[in-house]
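Asker: Input: one structure, supplied below.
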Amino acid sequence: MMSTTVWAGKFLTVQTEGTWEYAERRGQIAAAVIVAIDAGNVILVEQFRVPLGRACLELPAGLVGDETAGESVAVAAGRELEEETGYRAAAIEDLGLFYSSPGMTSECFTLVRATGLTRVGDGGGDGDENITVHRVPLTDIPAFVAAKREAGVAIDAKMLLILAGSIL
């Protein structure tokens, strides 16, 4: 069965195939999600997300190849980490490809671990991203997430990686 494009934007399309409706990224654009560890602390970001209508607590992340065709995941992850958080990584380790919500979207991301961090700027993103950077001790993550949730901040599902502790 072939899929039919219902709508196409700059970065996304909405497809139907049989009874399925799903979104997918256009072109060869991928994503990198970064677990950034620094001396027993994890670097997190908080930013307003239009689809949620509120701020969301997340791991730093960004698109691969959206500005430069053929960009590697490691280069994009390093660039995004520095843009969003102000930290530069000495090493970036590929932890594998994951699918974010396979019942609704074909979107996938490569999870990377960034280590050997050096603070080189304030972060905050580029343009109008207005990202708040959090450096949270790993032992405080459950309480930090609970406090953010209580304050009305959305929690990205990828935060489960940090809460479970197995990726650290």
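Ordered as shown in the structure tokens, chains take letters A, B, and onward, while each chain numbers its residues from 1 and ligands are numbered from 1 in the order shown.
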Apply DSSP to the structure's backbone, then extract all residues of chain A labelled strand (DSSP E) and return them as a PyMOL selection string.

Answerer: chain A and resi 4-8+12-17+20-25+30-38+41-49+54-58+61-64+87-88+91-99+108-115+118-119+132-137+154-155

Asker: Would you kindly return, as JSON, numbers by chain, each protein, DNA or RNA residue with an atom no farther than 7 Å from any atom of segment 146-161 of chain A, considering only C-alpha atoms and excluding same-chain residues fewer than 6 positions away?

Answerer: {"A": [54, 55, 56, 57, 58, 59, 167]}

Asker: Using C-alpha atoms, can you export the residues from the last selection as a CSV table (one decimal), in the first residue's frame?

Answerer:
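Generated output (out_29.csv):
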```csv
chain,number,residue,atom,x,y,z
A,54,ARG,CA,4.0,25.6,27.9
A,55,ALA,CA,7.7,25.1,28.8
A,56,CYS,CA,9.1,21.6,28.6
A,57,LEU,CA,12.1,20.1,30.5
A,58,GLU,CA,14.3,18.2,28.1
A,59,LEU,CA,17.7,16.8,27.2
A,167,ILE,CA,22.2,5.5,30.4
```

Asker: Name the closest residue to Thr118 of chain A among the candidates A:Thr13, A:Thr19, A:Thr85, A:Ser72; distances are taken between atoms, counting only C-alpha atoms.

Answerer: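 So, comparing all the options, the nearest one is A:Thr85.
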
Asker: Determine the nearest neighbour of Asp126 of chain A from the options A:Glu82, A:Glu46, A:Asp38, A:Glu24, counting only C-alpha atoms.

Answerer: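 That would be A:Glu82, the residue with the smallest distance to Asp126 of chain A.
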
Asker: Mind pulling up the distance from atom CA of Ser106 of chain A to atom CA of Gly123 of chain A?

Answerer: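 Spanning atom CA of Gly123 of chain A to atom CA of Ser106 of chain A is a straight-line distance of 29.5 Å.
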
Asker: Tell me, which residues of chain A carry DSSP helix (DSSP H, G or I), written as a PyMOL selection string?

Answerer: chain A and resi 73-85+138-150+157-164

Asker: To one decimal place, how far is atom CA of Pro51 of chain A from atom CA of Trp7 of chain A in Å?

Answerer: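 Computing the Euclidean distance for atom CA of Pro51 of chain A and atom CA of Trp7 of chain A yields 17.3 Å.
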
Asker: Between atom CA of Pro137 of chain A and atom CA of Ala164 of chain A, what is the spacing in Å?

Answerer: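 Taking atom CA of Ala164 of chain A and atom CA of Pro137 of chain A, their separation equals 14.5 Å.
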
Asker: Would you pick out the contacts of Glu83 of chain A at 10 Å or less, using only C-alpha atoms, so that residues sharing its chain but fewer than 6 positions from it are not included, and give the list as a list of chain:residue names?

Answerer: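 Listed by chain and then number, they are A:Pro60, A:Gly62, A:Ala77, A:Gly121, A:Asp122, A:Gly123, A:Gly124, A:Gly125, A:Asp126, A:Ile131.
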
Asker: Could the residues in this selection be saved with all heavy atoms as a PDB file, in the first residue's frame?

Answerer:
```
ATOM      1  N   PRO A  60      19.168  18.288  25.981  1.00  0.00           N
ATOM      2  CA  PRO A  60      19.504  19.105  24.813  1.00  0.00           C
ATOM      3  C   PRO A  60      19.355  18.257  23.544  1.00  0.00           C
ATOM      4  O   PRO A  60      19.636  17.055  23.554  1.00  0.00           O
ATOM      5  CB  PRO A  60      20.965  19.479  25.045  1.00  0.00           C
ATOM      6  CG  PRO A  60      21.208  19.270  26.502  1.00  0.00           C
ATOM      7  CD  PRO A  60      20.270  18.186  26.930  1.00  0.00           C
ATOM      8  N   GLY A  62      18.767  18.573  18.873  1.00  0.00           N
ATOM      9  CA  GLY A  62      18.660  19.418  17.699  1.00  0.00           C
ATOM     10  C   GLY A  62      18.671  18.609  16.421  1.00  0.00           C
ATOM     11  O   GLY A  62      18.929  17.402  16.433  1.00  0.00           O
ATOM     12  N   ALA A  77      25.460  17.284  17.125  1.00  0.00           N
ATOM     13  CA  ALA A  77      25.257  17.206  18.569  1.00  0.00           C
ATOM     14  C   ALA A  77      26.165  18.195  19.296  1.00  0.00           C
ATOM     15  O   ALA A  77      25.724  18.882  20.224  1.00  0.00           O
ATOM     16  CB  ALA A  77      25.509  15.787  19.064  1.00  0.00           C
ATOM     17  N   GLY A 121      30.193  29.369  27.080  1.00  0.00           N
ATOM     18  CA  GLY A 121      29.228  30.444  26.841  1.00  0.00           C
ATOM     19  C   GLY A 121      28.016  30.276  27.720  1.00  0.00           C
ATOM     20  O   GLY A 121      27.962  29.383  28.575  1.00  0.00           O
ATOM     21  N   ASP A 122      27.025  31.125  27.480  1.00  0.00           N
ATOM     22  CA  ASP A 122      25.809  31.107  28.288  1.00  0.00           C
ATOM     23  C   ASP A 122      24.764  30.123  27.776  1.00  0.00           C
ATOM     24  O   ASP A 122      23.870  29.729  28.512  1.00  0.00           O
ATOM     25  CB  ASP A 122      25.171  32.503  28.327  1.00  0.00           C
ATOM     26  CG  ASP A 122      26.033  33.504  29.076  1.00  0.00           C
ATOM     27  OD1 ASP A 122      26.807  33.086  29.960  1.00  0.00           O
ATOM     28  OD2 ASP A 122      25.926  34.708  28.755  1.00  0.00           O
ATOM     29  N   GLY A 123      24.860  29.746  26.503  1.00  0.00           N
ATOM     30  CA  GLY A 123      23.809  28.908  25.924  1.00  0.00           C
ATOM     31  C   GLY A 123      22.568  29.736  25.690  1.00  0.00           C
ATOM     32  O   GLY A 123      22.649  30.932  25.447  1.00  0.00           O
ATOM     33  N   GLY A 124      21.429  29.100  25.745  1.00  0.00           N
ATOM     34  CA  GLY A 124      20.166  29.799  25.543  1.00  0.00           C
ATOM     35  C   GLY A 124      19.588  29.645  24.162  1.00  0.00           C
ATOM     36  O   GLY A 124      18.492  30.116  23.888  1.00  0.00           O
ATOM     37  N   GLY A 125      20.328  28.991  23.264  1.00  0.00           N
ATOM     38  CA  GLY A 125      19.830  28.773  21.910  1.00  0.00           C
ATOM     39  C   GLY A 125      20.131  29.934  21.000  1.00  0.00           C
ATOM     40  O   GLY A 125      20.812  30.884  21.374  1.00  0.00           O
ATOM     41  N   ASP A 126      19.620  29.831  19.794  1.00  0.00           N
ATOM     42  CA  ASP A 126      19.807  30.916  18.836  1.00  0.00           C
ATOM     43  C   ASP A 126      18.452  31.519  18.494  1.00  0.00           C
ATOM     44  O   ASP A 126      17.406  30.927  18.712  1.00  0.00           O
ATOM     45  CB  ASP A 126      20.529  30.429  17.577  1.00  0.00           C
ATOM     46  CG  ASP A 126      19.787  29.320  16.848  1.00  0.00           C
ATOM     47  OD1 ASP A 126      18.668  28.965  17.266  1.00  0.00           O
ATOM     48  OD2 ASP A 126      20.325  28.807  15.864  1.00  0.00           O
ATOM     49  N   ILE A 131      16.153  29.487  25.685  1.00  0.00           N
ATOM     50  CA  ILE A 131      16.348  28.253  26.450  1.00  0.00           C
ATOM     51  C   ILE A 131      16.962  28.563  27.813  1.00  0.00           C
ATOM     52  O   ILE A 131      17.921  29.319  27.918  1.00  0.00           O
ATOM     53  CB  ILE A 131      17.266  27.283  25.667  1.00  0.00           C
ATOM     54  CG1 ILE A 131      16.563  26.834  24.387  1.00  0.00           C
ATOM     55  CG2 ILE A 131      17.683  26.100  26.529  1.00  0.00           C
ATOM     56  CD1 ILE A 131      17.460  26.077  23.429  1.00  0.00           C
TER      57      ILE A 131
END
```

Asker: Would you mind telling me which residue in A:Val145, A:Ala36, A:Val6, A:Leu117 lies nearest to Glu21 of chain A when using only C-alpha atoms?

Answerer: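 Ranking A:Val145, A:Ala36, A:Val6, A:Leu117 by distance to Glu21 of chain A, first place goes to A:Val6.
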
Asker: Counting only C-alpha atoms, figure out which residue out of A:Val73, A:Met104, A:Leu81, A:Val50 gets nearest to Trp20 of chain A.

Answerer: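 Among A:Val73, A:Met104, A:Leu81, A:Val50, it is A:Met104 that comes nearest to Trp20 of chain A.
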
Asker: Name the residues in contact with Gly9 of chain A at a cut-off of 12 Å, using only C-alpha atoms, excluding same-chain residues fewer than 6 positions from it; report them as a PyMOL selection string.

Answerer: chain A and resi 15+23-27

Asker: Choose the residue, out of A:Val33, A:Gly40, A:Glu107, A:Tyr99, that has the smallest atom-to-atom separation from Ala74 of chain A; count only C-alpha atoms.

Answerer: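 Checking each candidate against Ala74 of chain A, we get A:Val33 as the closest.
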
Asker: With a distance cut-off of 9 Å and only C-alpha atoms, select the neighbouring residues of Leu138 of chain A, excluding the residue or stretch itself and same-chain residues fewer than 4 positions from it, and output the selection as a list in words.

Answerer: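 Within the cut-off, the hits are Ile37, Gly40, Asn41, Val42, Pro142, Ile162, Leu163 and Gly165 of chain A.
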
Asker: Skip Val112 of chain A itself and residues of its chain fewer than 2 positions away, then list as JSON, numbers by chain all residues within 6 Å of it, counting only C-alpha atoms.

Answerer: {"A": [34, 93, 94, 95]}

Asker: Using only C-alpha atoms, which of A:Ala143, A:Gly78, A:Ala30, A:Lys10 sits nearest Ala91 of chain A?

Answerer: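 The closest residue to Ala91 of chain A is A:Gly78.
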